[in-house]
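Shown next, in structure tokens, is the structure this report addresses.
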Amino acid sequence: MKENLGRCAEQLRYAVHHLANGSGTPQGKLTSMYNETTFGRICEDDFLDGSLKNDYLMITGLLVQTSRPQAVANIAAMSDEQAGKTIAQICSLSEAVAYALGRQSNSE
């Protein structure tokens, strides 16, 4: 599991870096992040059951909805406020995964 969490931490760190260095609207930043990073390769099975998995599922539920499976279309339909909140959630998840990975490393 540590290997999966380490990969997730790296992918999330890259996504956050991309968001931080992007320009334009929040929707544009999210669209660029989704298209140009490996964020879409993270899967729910990479997380143990619990808050990290729940947070990840909440974010992906906003990006990929069953009624509109295209993340780019869902992002474009978001308000600036919702896109900004989604960016904040991605940043928060990245921090939480890095913290959990550090805790795993320290306990070994």
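Within each chain, counting starts at residue 1; across the structure tokens, chains are named A, B, ... in the order shown, with ligands numbered 1 upward in that order.
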
*Residue contacts of range 51-53 of chain A (12 Å, only C-alpha atoms) excluding same-chain residues fewer than 2 positions away, as JSON, numbers by chain*: {"A": [5, 8, 9, 42, 43, 44, 45, 46, 47, 48, 49, 55, 56, 57, 58, 59, 60, 61, 89, 90, 92, 93, 94, 95, 96, 97, 98, 99, 100, 101]}

_If you run DSSP on the backbone here, which positions in chain A get helix (DSSP H, G or I)? Please write them as an MDAnalysis selection string._
chainID A and resid 2:21 26:36 39:41 44:46 51:63 71:76 80:107

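If you measure from each of A:Lys85, A:Arg41, A:Lys29, A:His18 to Asn4 in chain A using only C-alpha atoms, the closest one turns out to be A:Arg41.
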
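Nearest residue to Asn21 in chain A among A:Asn54, A:Met33, A:Glu3, A:Ala71 is A:Met33, counting only C-alpha atoms.
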
*Selection: 12 Å around Thr25 in chain A, only C-alpha atoms, excl. self and same-chain fewer than 2 positions, as a PyMOL selection string*: chain A and resi 19+22-23+27-32+75-76+78-84+87

*Nearest to Gln11 in chain A: which of A:Cys91, A:Arg103, A:Leu63, A:Thr86 is it, counting only C-alpha atoms?*
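Distance minimum relative to Gln11 in chain A lands on A:Cys91.
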
_Counting only C-alpha atoms, which residue out of A:Val64, A:Gly50, A:Val72, A:Thr37 sits closest to Val16 in chain A?_
A:Thr37
